[in-house]
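Student: Shown below is the structure under consideration.
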Amino acid sequence: MKEGVIDVLMYIFSSYIDRDDSLPEDRDSIDSDLREAGFESQEIDKAFDWLDGLALAEDIPALEQSSNSIRIYSKKEQQRLDSKVQGFLLFLEQSGVLTPELRELVINRIMALDGNSLVDMEEFRWVVMMVLFNSAIDQDENTLMHYEDIVFADQPAIFH
């Protein structure tokens, strides 16, 4: 099976997120599960590195910015995030799903994925949900389910 890091991450997220227990602390158990599912060692290791980067994000200081601020994307970020993804990212921030800190973490985690090609909308949505669930300490389950509905909706929600 030739899969990328995002595929391994999506598998981990979808396999463990609905369980009552959290992701096992024992990486060997997760590693075994991933190997049984057909993922290659190299991709599994990269996925663990990506998750480590997500865990380290808790040390990022809060961003102070005006509500009138505009995020300008670097050339490298523009190569990974097309205008549709950038627009959806802005929508998620303006609708309160993402804070400026979480927006930056989403961008950081997308840039940490393998390759230099555009990230498609499905991959982007999965990264957003992984970031949201990782930062879920302050969120209740209903809020996270609501965010999931917004992130994976075919049409953006309209807020009144």
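A note on labels: chains of the structure tokens are A, B, ... as shown, every chain counts residues from 1, and ligands are counted from 1 in their shown order.
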Could you give me the residues within stretch 18-135 of chain A that DSSP places in alpha helix (DSSP H), as JSON, numbers by chain?
Tutor: {"A": [27, 28, 29, 30, 31, 32, 33, 34, 35, 36, 41, 42, 43, 44, 45, 46, 47, 48, 49, 50, 51, 52, 53, 54, 55, 56, 75, 76, 77, 78, 79, 80, 83, 84, 85, 86, 87, 88, 89, 90, 91, 92, 93, 94, 100, 101, 102, 103, 104, 105, 106, 107, 108, 109, 110, 111, 121, 122, 123, 124, 125, 126, 127, 128, 129, 130, 131, 132, 133, 134]}
Student: If you keep C-alpha atoms, can you produce a file of those selected residues as a short mmCIF file (atom, residue, chain, number, x, y, z; two decimals), in the first residue's frame?
Tutor:
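The resulting file, selection.cif, is shown below:
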data_model
loop_
_atom_site.label_atom_id
_atom_site.label_comp_id
_atom_site.auth_asym_id
_atom_site.auth_seq_id
_atom_site.Cartn_x
_atom_site.Cartn_y
_atom_site.Cartn_z
CA ARG A 27 3.18 3.96 20.39
CA ASP A 28 4.06 0.32 19.86
CA SER A 29 0.36 -0.59 19.99
CA ILE A 30 -0.53 2.11 17.50
CA ASP A 31 2.44 1.16 15.33
CA SER A 32 1.31 -2.48 15.27
CA ASP A 33 -2.22 -1.45 14.38
CA LEU A 34 -0.94 0.73 11.53
CA ARG A 35 1.31 -2.02 10.18
CA GLU A 36 -1.61 -4.46 10.25
CA SER A 41 7.24 2.10 8.56
CA GLN A 42 8.57 5.29 7.01
CA GLU A 43 5.10 6.83 6.74
CA ILE A 44 4.21 5.72 10.27
CA ASP A 45 7.36 7.37 11.64
CA LYS A 46 6.59 10.59 9.77
CA ALA A 47 3.04 10.54 11.14
CA PHE A 48 4.36 10.18 14.70
CA ASP A 49 6.71 13.12 14.06
CA TRP A 50 3.76 15.15 12.78
CA LEU A 51 1.76 14.30 15.90
CA ASP A 52 4.73 15.26 18.08
CA GLY A 53 4.73 18.66 16.37
CA LEU A 54 1.04 19.00 17.11
CA ALA A 55 1.61 18.16 20.76
CA LEU A 56 4.41 20.73 21.01
CA LYS A 75 4.83 32.11 -1.34
CA LYS A 76 5.53 28.67 0.12
CA GLU A 77 2.17 28.65 1.94
CA GLN A 78 0.41 29.70 -1.25
CA GLN A 79 1.98 26.71 -3.01
CA ARG A 80 0.30 24.41 -0.48
CA SER A 83 -7.46 30.25 -2.69
CA LYS A 84 -10.39 27.92 -1.92
CA VAL A 85 -8.60 26.48 1.13
CA GLN A 86 -7.47 29.95 2.21
CA GLY A 87 -11.06 31.19 1.93
CA PHE A 88 -12.37 28.28 3.97
CA LEU A 89 -9.69 28.88 6.59
CA LEU A 90 -10.82 32.52 6.81
CA PHE A 91 -14.45 31.38 7.10
CA LEU A 92 -13.56 29.04 9.98
CA GLU A 93 -11.78 31.83 11.80
CA GLN A 94 -14.53 34.40 11.21
CA PRO A 100 -5.85 33.03 15.36
CA GLU A 101 -3.58 30.63 17.28
CA LEU A 102 -5.39 27.58 15.93
CA ARG A 103 -5.34 29.05 12.42
CA GLU A 104 -1.57 29.33 12.64
CA LEU A 105 -1.34 25.80 14.01
CA VAL A 106 -3.44 24.48 11.10
CA ILE A 107 -1.12 26.23 8.64
CA ASN A 108 1.93 24.93 10.52
CA ARG A 109 0.66 21.34 10.44
CA ILE A 110 -0.22 21.57 6.75
CA MET A 111 3.25 22.84 5.97
CA MET A 121 -9.90 20.30 0.71
CA GLU A 122 -10.40 16.86 2.27
CA GLU A 123 -6.86 16.77 3.64
CA PHE A 124 -7.27 20.33 4.89
CA ARG A 125 -10.48 19.44 6.72
CA TRP A 126 -8.83 16.47 8.41
CA VAL A 127 -5.93 18.62 9.58
CA VAL A 128 -8.38 21.18 10.99
CA MET A 129 -10.23 18.48 12.90
CA MET A 130 -7.01 16.98 14.27
CA VAL A 131 -5.95 20.43 15.49
CA LEU A 132 -9.38 21.09 17.00
CA PHE A 133 -9.52 17.76 18.81
CA ASN A 134 -5.96 18.23 20.06
#
Student: Figure out the distance between atom CA of A:Val5 and atom CA of A:Ala112, please, to one decimal in Å.
Tutor: 9.9 Å
Student: State, in Å with one decimal place, the distance from atom CA of A:Leu9 to atom CA of A:Gly115.
Tutor: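 Taking atom CA of A:Leu9 as the start and atom CA of A:Gly115 as the end point, the length is 15.2 Å.
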Student: Have a look at A:Tyr73, A:Tyr16, A:Tyr147, A:Tyr11 and name the one nearest to A:Ala37; count only C-alpha atoms.
Tutor: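 So, comparing all the options, the nearest one is A:Tyr11.
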